[in-house]
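I have placed the structure first, in the form of C-alpha cells, so that the comments after it can refer back to it.
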Amino acid sequence: MNKNSILKRWGRGIIKNKKASFGLYFVSSLIGLSIFGPLFTLDPTAFLGAPLSPPSLEHFFGTNGQGQDVLSQTIAGARQTLLVAFTTGFFVVIIGAFIGGAAGYYGGKVDDFLSLIINVFLVMPGLPLMVILASWLPPGPLTLAGVLILTGWAWNARVIRSQMMSLKGRDFVLAAIISGESNSRIIFVEIMPRILSLLASSFIGASVYAIGAQVGLEFLGLGDVSTVSWGTNLYWASNDLALLTGSWWTFVPTGLSIALISFSLTLINFGIDEVTNPRLISEKNWKKELPDNTLNNGVTPVVRKNV
Amino acid sequence: MSNSLQYLIRRLGFYSIAAWAALTLNFFIPRLMPGDPAAIIFARFRGKLTPEAMIALRETFGLTDGPLLLQYFSYIKSMFKGDLGVSIAYFPEPVANIISTGLLWTIFLAGTSLVISFIIGTLLGAIISWKRGGRLDSFLPPSLAFIGAFPYFWLAMLSLYIFGFKLEWFPLRHAYSDDVTVGLNIPFIFSSIYHAILPATTMILVSLGGWMLSMRNTMLTTLGSDYITLARAKGLSSWVVMLKYAARNAILPNFTGFGMALGFVLSGALLTEIIFSYPGQGYLLLQAVRSQDFPLMQGLFMTITLAVLAANWFVDIAILFLDPRTRK
Amino acid sequence: MSKNLISIKNLDVKYITNKKPVHAVKDVSFDIKKGEIFGLVGESGCGKSTVVQSIIRTLNPPAIITNGYIKYNNKDILSLSVSEVRKLRWSQISIVMQSALNALNPVLTIKEQIIDVFITHKGMSKFEAVEKSKELLELVDIDRDRLESYAHELSGGMRQRVVLAIALALTPPLIIMDEPTTALDVIIEREILLKILELRKSLDFTILFITHDLNLLLEFADKIGVMKKGELVEVDITKKIKLGGEKEYTKKLISSLPSASGKRGIEFFPEPNLPSKTGIPMLEMKNINKEYLIGGFFKKKTLHAVKDFSLRIFKGEIIGLVGESGSGKSTIAQLITRLETQTSGSILLNGTDLKRNRSKNVSLGYRKKVQMIFQDPFGSLNNIHNVYHHLSRPILRHNIVPKIKLEKYIYKLLESVELSPGKLFAKKFPHEMSGGERQRVAIARALSVKPDLVIADEPTSMLDVSIRMDILRILAKLRNEHNVAILFITHDLASARYLADRIIVLQNGKKIEQGIAEDLIQSPKELYTKQLIAAASPGWLENAILEQ
C-alpha cells in the first residue's frame with residue numbers, strides 16, 4: 001500500500017500526536033513492567049516484615065496487613081489485572097463487531113431481534129448481575145473475564161451497529177454489492193477497515209471499563225483472594241482495616257497505578273479522536289494565528305497582515 | 001398526542017421485555033451453573049443452616065422436584081406477588097423487607113448525585129464547547145478524565161481517609177447519626193445531608209467527566225450545523241444562540257445516553273456506599289456476597305433492574321417533552 | 001449612477017488546516033449598487049459562499065479574513081467590533097440559506113425562530129413579536145396558524161418560504177440568497193423565484209444571489225460575477241455575460257450549457273442511433289409497483305414510490321429516465337440492480353423472469369450483466385482502497401481475464417475512460433483525484449465486467465458544469481464501442497436530450513410520457529413535460545412573469 005493510504009496516514013498521525021504517544025508510552029512501559037517486573041521484585045506473597053509498617057528504605061511502599069511487600073504486590077498485581085482487562089477488551093470488540101455489525105448490516109428482522117438483545121443487556125445494571133454470576137462460578141481470572149465480557153459487550157455492539165447502519169447504505173457498499181462481492185467480503189474488506197479507529201478506541205474503552213469493574217468485583221471479595229492482583233490488593237487493604245489504622249500506603253499505590261493506566265489508555269483514545277477528526281487540530285492552529293485571546297464568538301476574525 | 005402515547009407504550013413494552021429477561025436470567029443462572037444448584041447450596045452451607053432455612057431456600061429458587069417449566073412458572077408467580085424469598089444471612093427475614101429498608105437511601109444518595117453530576121457535567125460540556133480552545137477547555141477535559149480514571153470506591157476510600165479520618169470534617173460511616181430520631185424532623189434531615197455530602201461528592205467527581213465529554217462532542221456537531229449559522233447571522237446574542245439553539249438540541253442524545261448509562265454508573269454508586277457503610281443497596285450487596293446470601297443477591301438484582309428501567313421511562317417522558325420529532 | 005450599497009475590495013479568506021492554510025478567496029473585488037440583483041456564480045468549492053459569509057462574518061473556525069475591505073454604505077464591516085457586527089446583522093443584511101431543512105432548528109417552532117429577531121433588534125414584547133411574525137408569514141403566502149409548526153411538519157417549498165420570511169423580518173436593505181432554490185424541484189423553484197421578485201418590487205431590497213446555475217442567473221440578475229477556485233474571473237452586466245463574456249472560463253461555462261429548447265447543438269454529440277427494436281429486449285420491466293412502509297410501530301403509512309411502471313431496453317440503446325426528486329427514478333435504478341425488490345410486477349433479463357429473490361442473493365451472472373454508476377463519485381469509491389483494488393475486485397470475481405493479464409487489462413480500461421497513463425491512475429486513492437477523474441474510475445469499474453446494461457444514476461449532477469459534457473461524451477463513446485445499453489437517469493431534461501435515444505418522463509412514480517428524444521423535446525404532449533422543458537429553456541422566468 002502506498003504512503004497516501006488513509007490507514008497509513010492515521011498511523012503516522014497517532015505517532016506524531018502528543019496525547020496518543022504519551023499514552024502509548026505509559027501503557028507499554030506498564031505492560032513491560034508487569035511482565036518483567038516480578039523477576040526483580042521480592043516475593044509478593046511472602047511474609048517479609050511487621051504487618052502494616054509504613055514506607056521505609058527496606059520496603060519502599062511499606063507492608064500490608066499480612067506483612068507482604070506492597071511494592072512487589074503492586075507490580076505483581078498488574079499482571080493478572082491487565083491480562084483480564086485486555087482479554088475482556090478484545091472479546092468485547094469481537095462480539096460487538098459480530099452482533100452489532102450483523103444487526104446493522106442486515107437490518108430488518110435480524111436487526112429487530114439483535115437490537116432487542118443489545119438494549120436489554122444495556123439497561124440491565126452491570127454490578128448486581130456480575131455479582132450473582134461471579135458468586136455461582138468458581139473464583140478466578142477466567143470467571144472475571146467471562147462475567148465482564150457478558151455484561152460489557154452490549155455498549156460496544158450498539159456503537160458498532162449504528163456505525164454499520166450509516167455505512168451500509170453508502171454508495172461504495174452498494175457499488176460493491178452490485179459488482180457481485182460476497183457479504184462477508186463487503187463487511188470485512190470494505191466496511192471494517194473504515195471503522196478501524198472506532199474498533200481501536202472501543203478496545204481501549206472496553207479495557208478501561210474492564211479494569212474498573214474487575215477491581216470492583218475483586219474488592220467485593222468475588223475474585224480469587226489467594227492470588228495477587230490490584231483488586232485483591234484493595235480487598236485485603238479494606239479487610240485489614242487500612243482506613244481505621246491509618247495505613248494509607250496499603251491502598252494508595254494500587255489505586256494510583258489503576259488511575260495511571262486507565263488515564264493513559266484514555267489519552268490514547270483522545271489522540272485517536274484528534275487524528276481522525278482533523279477539525280480539532282485545525283481549530284487549534286486557527287487559534288494560534290489570532291492575536292490576543294480571541295475566542296470563537298460567532299464573528300469571523302479579521303487579521304490583516306499589511307495594515 | 002396519540003403518537004406520544006404510542007411511543008410511551010412502546011417503550012413500556014420494551015421495559016417489560018427487559019424486566020422479564022432479568023427475571024428469567026435470575027431463574028436460569030443457578031440452573032445453568034456447573035453442577036446441581038441445590039447440591040452446591042447444600043455443600044456451601046452444610047451445618048450453617050437450620051433445616052427450615054434450607055427448605056425456605058429451596059422454595060425461593062423453586063428448586064422442587066417438578067419439571068423445569070413448572071418450576072419456572074411458580075417462580076414467576078411468586079415474583080409477581082413481590083415474594084423475593086427468604087434471606088439466608090438475616091434468616092428468617094424476607095428479602096423484600098430487607099431490600100426496602102435500603103432502597104430509599106440508595107435512591108436518595110445515588111439518585112441525587114447522578115442527577116447533579118449529569119446537570120453540572122452537561123453544563124460544563126456546553127460551556128467548554130462554546131469557548132473551545134479557551135483555558136477551561138484545555139484544563140477541564142484532561143483533569144476530569146484523570147479523576148474519572150480512579151475506581152469510584154478507591155476515591156471514596158481516599159476521601160474518607162483524608163476528610164473523615166484525618167481531618168474529621170465528615171462522619172466516617174452510616175447515613176445519619178445515632179442521636180437523631182428517624183422521621184421528618186430538622187435534625188434528621190440535616191444529619192442525612194451531612195452524611196451524604198462526602199459520598200455524593202466523590203460520585204459526582206468521578207462521573208462528571210463522562211457527561212461533560214459527551215455533551216462537548218454533541219455540541220461540537222451541533223455548532224457546525226446551518227441553523228446555528230442562521231441564528232448567529234440573525235444577530236442574536238451569544239447566550240441566546242448557545243442556550244436556545246445549540247444546547248437545546250445537543251442535550252437530546254445525552255438524555256438518551258443518560259438512561260442507557262444509568263445501569264453502569266449505578267454500579268459505581270453501589271461500591272461507594274460500601275466504603276461509607278451507607279445502608280443502601282450496595283451495602284446489602286456486600287453483606288449478601290460475604291454470607292453467600294443468594295436470595296438477597298437475586299432480589300437486589302431484580303430491584304435495581306426495576307429501578308433503572310423506571311428511571312429510563314422517566315427519561316423517555318422527558319425526551320417526549322423536549323423533542324417534537326418523537327411526538328410526530 | 002446610483003450609490004454603491006456594498007463594495008468589496010481585495011478580499012482574502014484563508015482556512016487554517018493541520019497543514020498549509022487553504023486560500024479559499026483570493027483578492028476578490030466587486031461592487032453592488034442599491035436596488036440591484038447581483039449574481040455570483042461558480043462551481044461547488046469555488047469560494048462563493050465564503051465570500052458572502054464574510055460579509056456578515058459568520059464563517060466558522062478555522063476561517064480567517066486575511067486581507068481587504070468590505071464597505072457597507074462606506075463603513076468597513078471588517079473593522080467593526082463584535083457587538084457592532086451583531087447590530088448590523090439582520091437589520092441591515094440578512095441571509096437565506098441553501099437548505100431550509102438544515103437552516104431551521106428541528107426542535108423549535110417556527111414562531112420561536114422568528115420572534116427572537118424582533119425581540120433582539122426591535123425590543124418588542126413577546127405579544128407584539130408574535131403578531132408581527134403572523135403578518136410576516138402571510139407576506140410569503142403561508143397560513144398564520146403555521147407559526148406553531150415545526151420544520152418537519154412543513155413541505156420543502158413551505159420551509160423555504162419560512163426562511164425567506166425570516167430574512168424579510170426587519171426589511172433589510174440587502175438580502176443574501178445562497179442557493180435558495182437548489183434543493184427544490186423545478187415548479188416550486190419557479191414559484192419561489194417569482195415570489196422573491198414580487199416582494200422585491202414592494203419592499204425594495206438589494207439581492208446578492210449565489211448559485212452554481214448560470215442559466216438561472218441569466219434569467220433575472222442585473223450583474224453577474226463568475227468565480228473559479230477562489231478568484232473572481234469576471235464581473236459584467238448580464239447581457240454581456242450571456243454573449244460569452246470576455247474570459248475563456250466564462251465562454252466555456254456558457255458554451256457547455258445544454259438547452260432543452262431550440263435546435264439540438266450537433267457539436268456536442270453525433271445523432272443518436274436507434275437500434276432495431278425487434279426480438280427479445282435485453283431487459284424488460286413489466287407493471288412494476290414498489291411500495292414502502294414508513295412510519296411508526298403502530299401507524300404504518302404506505303409510500304407508493306413506483307406505480308405500474310413498464311420499460312424495455314434493447315442492446316446498445318440509451319434511454320433517458322427524466323424526473324425530479326421523489327419521482328421514483330432512483331427507486332427504479334435500485335429495482336433493476338436488485339438492491340430493492342418490487343412489490344409486484346416482474347423484471348425479465350433476456351426474456352427470463354427474475355424471481356423476486358432477496359437482493360443479497362442475486363446470482364453472480366446477473367451481477368455481471370447489470371452494472372451501475374452512482375451520482376456521487378466520492379461516495380461510490382471506498383477511500384481506503386486505491387483505484388487498482390476497485391477495478392480488480394469485480395474482474396477477479398467474475399473471471400473476466402486471467403490473473404496474469406489483469407494488470408494490463410486494468411490499465412487499458414483506465415485509458416478507455418481517458419485516464420492516462422493507466423499505470424499512474426491505478427495507484428491513486430480516491431482522495432487524490434478530482435471529481436471528474438473519480439467518476440471516470442466509477443465508469444471504468446462498471447465496464448470492467450463487460451456488462452450488457454449500465455445504469456447511470458445522475459452521473460454528472462455532482463460534477464462541475466465544465467466537465468459534465470466530458471462525462472456524457474465518454475458514455476456516448478462507450479456505447480458505440482462496446483454496444484452496451486445505458487439507462488441514463490437524470491433530473492436534467494437538457495442533458496438527456498443529448499445523450500439518450502429515447503426519453504421517459506416520470507412524475508410521482510408514474511410514467512407521464514415517452515418518446516424518441518428529439519421528438520419529445522420538440523413536441524411534448526403532457527403539461528408536466530412542457531413545464532420541465534420550459535424550465536430548462538432560456539427566458540422562462542420572463543415568460544412566467546408575463547403569464548402572471
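Ordering of the C-alpha cells sets the chain letters (A, B, ...); residue numbers start at 1 within each chain; ligands are numbered from 1 in the order shown.
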
Which residues are near Arg325 of chain B? Cut-off 12 Å, only C-alpha atoms, ignore same chain within fewer than 2 positions. Put them as a PyMOL selection string.
(chain B and resi 3-4+7+249+252+319-323+327-328) or (chain C and resi 105-109+149-153+296)

For chain C, list the residues within 7 Å of chain B, counting only C-alpha atoms, and write the list as a PyMOL selection string.
chain C and resi 56+58+86-87+89-90+102-105+107+117+120

Taking only C-alpha atoms into account, report as JSON, numbers by chain which residues of chain C lie within 8 Å of chain A.
{"C": [16, 17, 18, 54, 57, 58, 59, 60, 61, 62, 63, 64, 65, 66, 67, 68, 78, 79, 82, 85, 337, 339, 360, 364, 367, 368, 370, 371, 372, 374, 376, 379, 380, 381, 382, 383, 384, 385, 386, 393, 394, 397, 398, 427, 429, 446]}

With C-alpha atoms retained, export the selected residues as a PDB file, in the first residue's frame.
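File written: again-v8.pdb
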```pdb
ATOM      1  CA  ILE C  16      -6.380  27.089   8.628  1.00  0.00           C
ATOM      2  CA  THR C  17      -5.764  23.331   8.477  1.00  0.00           C
ATOM      3  CA  ASN C  18      -3.278  20.997  10.056  1.00  0.00           C
ATOM      4  CA  SER C  54     -17.521  37.057   5.022  1.00  0.00           C
ATOM      5  CA  ARG C  57     -18.783  37.420   9.186  1.00  0.00           C
ATOM      6  CA  THR C  58     -20.467  34.138  10.027  1.00  0.00           C
ATOM      7  CA  LEU C  59     -17.672  31.926   8.756  1.00  0.00           C
ATOM      8  CA  ASN C  60     -16.879  29.338  11.404  1.00  0.00           C
ATOM      9  CA  PRO C  61     -13.389  28.499  12.548  1.00  0.00           C
ATOM     10  CA  PRO C  62     -10.902  27.746  11.098  1.00  0.00           C
ATOM     11  CA  ALA C  63     -11.644  30.659   8.720  1.00  0.00           C
ATOM     12  CA  ILE C  64      -9.739  33.928   8.954  1.00  0.00           C
ATOM     13  CA  ILE C  65     -10.212  37.003   6.791  1.00  0.00           C
ATOM     14  CA  THR C  66      -6.655  37.974   5.987  1.00  0.00           C
ATOM     15  CA  ASN C  67      -6.977  40.989   3.742  1.00  0.00           C
ATOM     16  CA  GLY C  68      -9.295  43.517   2.145  1.00  0.00           C
ATOM     17  CA  LEU C  78     -14.228  44.122   8.703  1.00  0.00           C
ATOM     18  CA  SER C  79     -13.238  46.826  11.195  1.00  0.00           C
ATOM     19  CA  VAL C  82     -18.254  42.071  17.769  1.00  0.00           C
ATOM     20  CA  VAL C  85     -21.370  43.267  13.818  1.00  0.00           C
ATOM     21  CA  THR C 337     -29.841  -3.535  -9.672  1.00  0.00           C
ATOM     22  CA  LEU C 339     -30.878  -3.526  -4.216  1.00  0.00           C
ATOM     23  CA  LYS C 360     -28.443 -10.068  -1.442  1.00  0.00           C
ATOM     24  CA  LEU C 364     -23.441 -13.699  -9.986  1.00  0.00           C
ATOM     25  CA  ARG C 367     -24.410  -9.030 -11.411  1.00  0.00           C
ATOM     26  CA  LYS C 368     -22.077  -9.449 -14.351  1.00  0.00           C
ATOM     27  CA  VAL C 370     -26.081  -5.264 -14.988  1.00  0.00           C
ATOM     28  CA  GLN C 371     -23.769  -2.602 -13.597  1.00  0.00           C
ATOM     29  CA  MET C 372     -24.272   0.855 -12.157  1.00  0.00           C
ATOM     30  CA  PHE C 374     -23.558   6.349  -8.964  1.00  0.00           C
ATOM     31  CA  ASP C 376     -21.583  10.859  -6.075  1.00  0.00           C
ATOM     32  CA  GLY C 379     -19.121   8.215  -2.073  1.00  0.00           C
ATOM     33  CA  SER C 380     -19.160   5.348  -4.531  1.00  0.00           C
ATOM     34  CA  LEU C 381     -15.441   4.686  -4.141  1.00  0.00           C
ATOM     35  CA  ASN C 382     -14.086   3.394  -0.843  1.00  0.00           C
ATOM     36  CA  ASN C 383     -11.446   5.848   0.307  1.00  0.00           C
ATOM     37  CA  ILE C 384      -9.298   3.218   1.989  1.00  0.00           C
ATOM     38  CA  HIS C 385      -8.701   1.358  -1.275  1.00  0.00           C
ATOM     39  CA  ASN C 386      -6.891   2.523  -4.389  1.00  0.00           C
ATOM     40  CA  ARG C 393     -12.233  -6.926  -7.475  1.00  0.00           C
ATOM     41  CA  PRO C 394     -15.113  -7.240  -9.958  1.00  0.00           C
ATOM     42  CA  ARG C 397     -14.892 -12.065  -9.039  1.00  0.00           C
ATOM     43  CA  HIS C 398     -16.361 -12.610 -12.486  1.00  0.00           C
ATOM     44  CA  LYS C 427      -2.091   3.556  -7.877  1.00  0.00           C
ATOM     45  CA  PHE C 429      -6.553   6.777  -3.951  1.00  0.00           C
ATOM     46  CA  ALA C 446     -18.932  -0.563 -14.285  1.00  0.00           C
TER      47      ALA C 446
END
```

Using only C-alpha atoms, which residues sit within 12 Å of Arg200 of chain C once same-chain residues fewer than 4 positions away are excluded, as a PDB file with N, CA and C atoms, in the first residue's frame?
```pdb
ATOM      1  N   GLY C  35     -30.437  48.487  -5.021  1.00  0.00           N
ATOM      2  CA  GLY C  35     -31.555  48.077  -5.866  1.00  0.00           C
ATOM      3  C   GLY C  35     -31.212  47.016  -6.895  1.00  0.00           C
ATOM      4  N   GLU C  36     -29.954  46.637  -6.956  1.00  0.00           N
ATOM      5  CA  GLU C  36     -29.505  45.694  -7.976  1.00  0.00           C
ATOM      6  C   GLU C  36     -29.782  44.236  -7.566  1.00  0.00           C
ATOM      7  N   ILE C  37     -29.836  43.335  -8.571  1.00  0.00           N
ATOM      8  CA  ILE C  37     -29.712  41.903  -8.271  1.00  0.00           C
ATOM      9  C   ILE C  37     -28.352  41.486  -8.787  1.00  0.00           C
ATOM     10  N   LEU C 139     -47.128  37.342   4.351  1.00  0.00           N
ATOM     11  CA  LEU C 139     -46.397  38.004   3.264  1.00  0.00           C
ATOM     12  C   LEU C 139     -45.853  36.969   2.268  1.00  0.00           C
ATOM     13  N   LEU C 164     -37.297  32.492   3.974  1.00  0.00           N
ATOM     14  CA  LEU C 164     -37.367  33.768   3.278  1.00  0.00           C
ATOM     15  C   LEU C 164     -38.056  34.811   4.163  1.00  0.00           C
ATOM     16  N   LEU C 168     -36.817  38.479   5.713  1.00  0.00           N
ATOM     17  CA  LEU C 168     -37.507  39.739   5.442  1.00  0.00           C
ATOM     18  C   LEU C 168     -37.954  40.440   6.716  1.00  0.00           C
ATOM     19  N   THR C 171     -36.980  43.891   7.117  1.00  0.00           N
ATOM     20  CA  THR C 171     -36.819  44.501   5.792  1.00  0.00           C
ATOM     21  C   THR C 171     -35.457  45.180   5.623  1.00  0.00           C
ATOM     22  N   PRO C 172     -34.404  44.394   5.621  1.00  0.00           N
ATOM     23  CA  PRO C 172     -33.064  44.956   5.497  1.00  0.00           C
ATOM     24  C   PRO C 172     -32.799  45.425   4.066  1.00  0.00           C
ATOM     25  N   PRO C 173     -31.899  46.380   3.900  1.00  0.00           N
ATOM     26  CA  PRO C 173     -31.587  46.858   2.547  1.00  0.00           C
ATOM     27  C   PRO C 173     -30.944  45.786   1.661  1.00  0.00           C
ATOM     28  N   LEU C 174     -30.192  44.855   2.284  1.00  0.00           N
ATOM     29  CA  LEU C 174     -29.514  43.840   1.467  1.00  0.00           C
ATOM     30  C   LEU C 174     -29.901  42.441   1.953  1.00  0.00           C
ATOM     31  N   ILE C 175     -30.316  41.589   1.004  1.00  0.00           N
ATOM     32  CA  ILE C 175     -30.575  40.192   1.354  1.00  0.00           C
ATOM     33  C   ILE C 175     -29.653  39.302   0.535  1.00  0.00           C
ATOM     34  N   LEU C 193     -39.016  31.868  -6.850  1.00  0.00           N
ATOM     35  CA  LEU C 193     -38.333  32.974  -7.515  1.00  0.00           C
ATOM     36  C   LEU C 193     -39.320  34.096  -7.853  1.00  0.00           C
ATOM     37  N   LEU C 194     -40.491  33.718  -8.326  1.00  0.00           N
ATOM     38  CA  LEU C 194     -41.496  34.741  -8.636  1.00  0.00           C
ATOM     39  C   LEU C 194     -41.867  35.522  -7.387  1.00  0.00           C
ATOM     40  N   LYS C 195     -41.995  34.815  -6.280  1.00  0.00           N
ATOM     41  CA  LYS C 195     -42.335  35.462  -5.012  1.00  0.00           C
ATOM     42  C   LYS C 195     -41.241  36.465  -4.628  1.00  0.00           C
ATOM     43  N   ILE C 196     -39.992  36.021  -4.781  1.00  0.00           N
ATOM     44  CA  ILE C 196     -38.880  36.907  -4.413  1.00  0.00           C
ATOM     45  C   ILE C 196     -38.922  38.184  -5.250  1.00  0.00           C
ATOM     46  N   ASP C 204     -38.481  46.672  -1.894  1.00  0.00           N
ATOM     47  CA  ASP C 204     -37.330  47.423  -2.375  1.00  0.00           C
ATOM     48  C   ASP C 204     -36.023  47.070  -1.666  1.00  0.00           C
ATOM     49  N   PHE C 205     -35.571  45.828  -1.856  1.00  0.00           N
ATOM     50  CA  PHE C 205     -34.268  45.480  -1.285  1.00  0.00           C
ATOM     51  C   PHE C 205     -33.303  45.059  -2.393  1.00  0.00           C
ATOM     52  N   THR C 206     -32.026  45.053  -2.041  1.00  0.00           N
ATOM     53  CA  THR C 206     -30.987  44.642  -2.976  1.00  0.00           C
ATOM     54  C   THR C 206     -30.708  43.150  -2.738  1.00  0.00           C
ATOM     55  N   ILE C 207     -30.412  42.425  -3.822  1.00  0.00           N
ATOM     56  CA  ILE C 207     -30.194  40.983  -3.672  1.00  0.00           C
ATOM     57  C   ILE C 207     -28.786  40.604  -4.134  1.00  0.00           C
TER      58      ILE C 207
END
```

Check: which chain A residues lie within 7 Å of chain B using only C-alpha atoms, as a ChimeraX atom specification
/A:120,122-129,132,136,212,220,243,255,258-259,262-263,284,295-298

DSSP on the backbone: which residues in segment 434-490 of chain C end up as helix (DSSP H, G or I)? Give the answer as a ChimeraX atom specification.
/C:435-447,465-482

Could the residues in this selection be written to a file with N, CA and C atoms, as a PDB file, in the first residue's frame?
```pdb
ATOM      1  N   GLY C 435     -13.091  15.264  -8.955  1.00  0.00           N
ATOM      2  CA  GLY C 435     -14.409  14.650  -9.090  1.00  0.00           C
ATOM      3  C   GLY C 435     -14.594  13.973 -10.439  1.00  0.00           C
ATOM      4  N   GLY C 436     -14.161  14.643 -11.501  1.00  0.00           N
ATOM      5  CA  GLY C 436     -14.303  14.090 -12.839  1.00  0.00           C
ATOM      6  C   GLY C 436     -13.507  12.811 -13.000  1.00  0.00           C
ATOM      7  N   GLU C 437     -12.293  12.804 -12.454  1.00  0.00           N
ATOM      8  CA  GLU C 437     -11.452  11.600 -12.547  1.00  0.00           C
ATOM      9  C   GLU C 437     -12.065  10.443 -11.788  1.00  0.00           C
ATOM     10  N   ARG C 438     -12.609  10.766 -10.609  1.00  0.00           N
ATOM     11  CA  ARG C 438     -13.236   9.713  -9.811  1.00  0.00           C
ATOM     12  C   ARG C 438     -14.423   9.109 -10.558  1.00  0.00           C
ATOM     13  N   GLN C 439     -15.203   9.978 -11.199  1.00  0.00           N
ATOM     14  CA  GLN C 439     -16.367   9.457 -11.899  1.00  0.00           C
ATOM     15  C   GLN C 439     -15.934   8.579 -13.071  1.00  0.00           C
ATOM     16  N   ARG C 440     -14.799   8.903 -13.682  1.00  0.00           N
ATOM     17  CA  ARG C 440     -14.311   8.049 -14.765  1.00  0.00           C
ATOM     18  C   ARG C 440     -13.893   6.687 -14.228  1.00  0.00           C
ATOM     19  N   VAL C 441     -13.296   6.675 -13.023  1.00  0.00           N
ATOM     20  CA  VAL C 441     -12.948   5.386 -12.413  1.00  0.00           C
ATOM     21  C   VAL C 441     -14.224   4.582 -12.188  1.00  0.00           C
ATOM     22  N   ALA C 442     -15.275   5.263 -11.727  1.00  0.00           N
ATOM     23  CA  ALA C 442     -16.543   4.566 -11.484  1.00  0.00           C
ATOM     24  C   ALA C 442     -17.104   4.000 -12.786  1.00  0.00           C
ATOM     25  N   ILE C 443     -16.940   4.752 -13.867  1.00  0.00           N
ATOM     26  CA  ILE C 443     -17.400   4.250 -15.169  1.00  0.00           C
ATOM     27  C   ILE C 443     -16.568   3.033 -15.571  1.00  0.00           C
ATOM     28  N   ALA C 444     -15.257   3.139 -15.370  1.00  0.00           N
ATOM     29  CA  ALA C 444     -14.374   2.016 -15.717  1.00  0.00           C
ATOM     30  C   ALA C 444     -14.754   0.781 -14.910  1.00  0.00           C
ATOM     31  N   ARG C 445     -15.091   0.984 -13.635  1.00  0.00           N
ATOM     32  CA  ARG C 445     -15.475  -0.165 -12.817  1.00  0.00           C
ATOM     33  C   ARG C 445     -16.729  -0.829 -13.370  1.00  0.00           C
ATOM     34  N   ALA C 446     -17.698   0.005 -13.754  1.00  0.00           N
ATOM     35  CA  ALA C 446     -18.932  -0.563 -14.285  1.00  0.00           C
ATOM     36  C   ALA C 446     -18.666  -1.341 -15.572  1.00  0.00           C
ATOM     37  N   LEU C 447     -17.721  -0.848 -16.376  1.00  0.00           N
ATOM     38  CA  LEU C 447     -17.454  -1.504 -17.660  1.00  0.00           C
ATOM     39  C   LEU C 447     -16.526  -2.689 -17.528  1.00  0.00           C
ATOM     40  N   VAL C 465     -19.923  22.009 -13.876  1.00  0.00           N
ATOM     41  CA  VAL C 465     -20.579  22.168 -15.176  1.00  0.00           C
ATOM     42  C   VAL C 465     -19.595  21.953 -16.320  1.00  0.00           C
ATOM     43  N   SER C 466     -18.382  22.474 -16.146  1.00  0.00           N
ATOM     44  CA  SER C 466     -17.442  22.452 -17.255  1.00  0.00           C
ATOM     45  C   SER C 466     -16.997  21.045 -17.646  1.00  0.00           C
ATOM     46  N   ILE C 467     -17.154  20.056 -16.744  1.00  0.00           N
ATOM     47  CA  ILE C 467     -16.709  18.714 -17.134  1.00  0.00           C
ATOM     48  C   ILE C 467     -17.871  17.746 -17.318  1.00  0.00           C
ATOM     49  N   ARG C 468     -19.096  18.244 -17.102  1.00  0.00           N
ATOM     50  CA  ARG C 468     -20.242  17.355 -17.272  1.00  0.00           C
ATOM     51  C   ARG C 468     -20.317  16.801 -18.682  1.00  0.00           C
ATOM     52  N   MET C 469     -20.101  17.686 -19.632  1.00  0.00           N
ATOM     53  CA  MET C 469     -20.215  17.279 -21.022  1.00  0.00           C
ATOM     54  C   MET C 469     -19.194  16.193 -21.365  1.00  0.00           C
ATOM     55  N   ASP C 470     -18.001  16.291 -20.749  1.00  0.00           N
ATOM     56  CA  ASP C 470     -16.972  15.269 -20.999  1.00  0.00           C
ATOM     57  C   ASP C 470     -17.468  13.890 -20.594  1.00  0.00           C
ATOM     58  N   ILE C 471     -18.101  13.837 -19.429  1.00  0.00           N
ATOM     59  CA  ILE C 471     -18.582  12.546 -18.934  1.00  0.00           C
ATOM     60  C   ILE C 471     -19.666  12.007 -19.860  1.00  0.00           C
ATOM     61  N   LEU C 472     -20.570  12.876 -20.285  1.00  0.00           N
ATOM     62  CA  LEU C 472     -21.630  12.431 -21.200  1.00  0.00           C
ATOM     63  C   LEU C 472     -21.024  11.924 -22.510  1.00  0.00           C
ATOM     64  N   ARG C 473     -20.004  12.625 -22.968  1.00  0.00           N
ATOM     65  CA  ARG C 473     -19.343  12.240 -24.218  1.00  0.00           C
ATOM     66  C   ARG C 473     -18.709  10.851 -24.078  1.00  0.00           C
ATOM     67  N   ILE C 474     -18.066  10.621 -22.914  1.00  0.00           N
ATOM     68  CA  ILE C 474     -17.445   9.306 -22.702  1.00  0.00           C
ATOM     69  C   ILE C 474     -18.501   8.210 -22.706  1.00  0.00           C
ATOM     70  N   LEU C 475     -19.636   8.475 -22.077  1.00  0.00           N
ATOM     71  CA  LEU C 475     -20.712   7.472 -22.057  1.00  0.00           C
ATOM     72  C   LEU C 475     -21.189   7.169 -23.474  1.00  0.00           C
ATOM     73  N   ALA C 476     -21.351   8.234 -24.281  1.00  0.00           N
ATOM     74  CA  ALA C 476     -21.809   8.035 -25.658  1.00  0.00           C
ATOM     75  C   ALA C 476     -20.800   7.203 -26.449  1.00  0.00           C
ATOM     76  N   LYS C 477     -19.519   7.507 -26.211  1.00  0.00           N
ATOM     77  CA  LYS C 477     -18.462   6.798 -26.927  1.00  0.00           C
ATOM     78  C   LYS C 477     -18.452   5.315 -26.553  1.00  0.00           C
ATOM     79  N   LEU C 478     -18.637   5.032 -25.258  1.00  0.00           N
ATOM     80  CA  LEU C 478     -18.575   3.649 -24.803  1.00  0.00           C
ATOM     81  C   LEU C 478     -19.729   2.829 -25.371  1.00  0.00           C
ATOM     82  N   ARG C 479     -20.856   3.473 -25.510  1.00  0.00           N
ATOM     83  CA  ARG C 479     -21.973   2.758 -26.113  1.00  0.00           C
ATOM     84  C   ARG C 479     -21.604   2.306 -27.520  1.00  0.00           C
ATOM     85  N   ASN C 480     -20.998   3.217 -28.258  1.00  0.00           N
ATOM     86  CA  ASN C 480     -20.626   2.867 -29.614  1.00  0.00           C
ATOM     87  C   ASN C 480     -19.564   1.783 -29.665  1.00  0.00           C
ATOM     88  N   GLU C 481     -18.610   1.842 -28.713  1.00  0.00           N
ATOM     89  CA  GLU C 481     -17.504   0.885 -28.765  1.00  0.00           C
ATOM     90  C   GLU C 481     -17.884  -0.494 -28.246  1.00  0.00           C
ATOM     91  N   HIS C 482     -18.710  -0.544 -27.179  1.00  0.00           N
ATOM     92  CA  HIS C 482     -18.989  -1.841 -26.545  1.00  0.00           C
ATOM     93  C   HIS C 482     -20.399  -2.334 -26.786  1.00  0.00           C
TER      94      HIS C 482
END
```

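The space between atom CA of Leu532 of chain C and atom CA of Val322 of chain C spans 9.6 Å.
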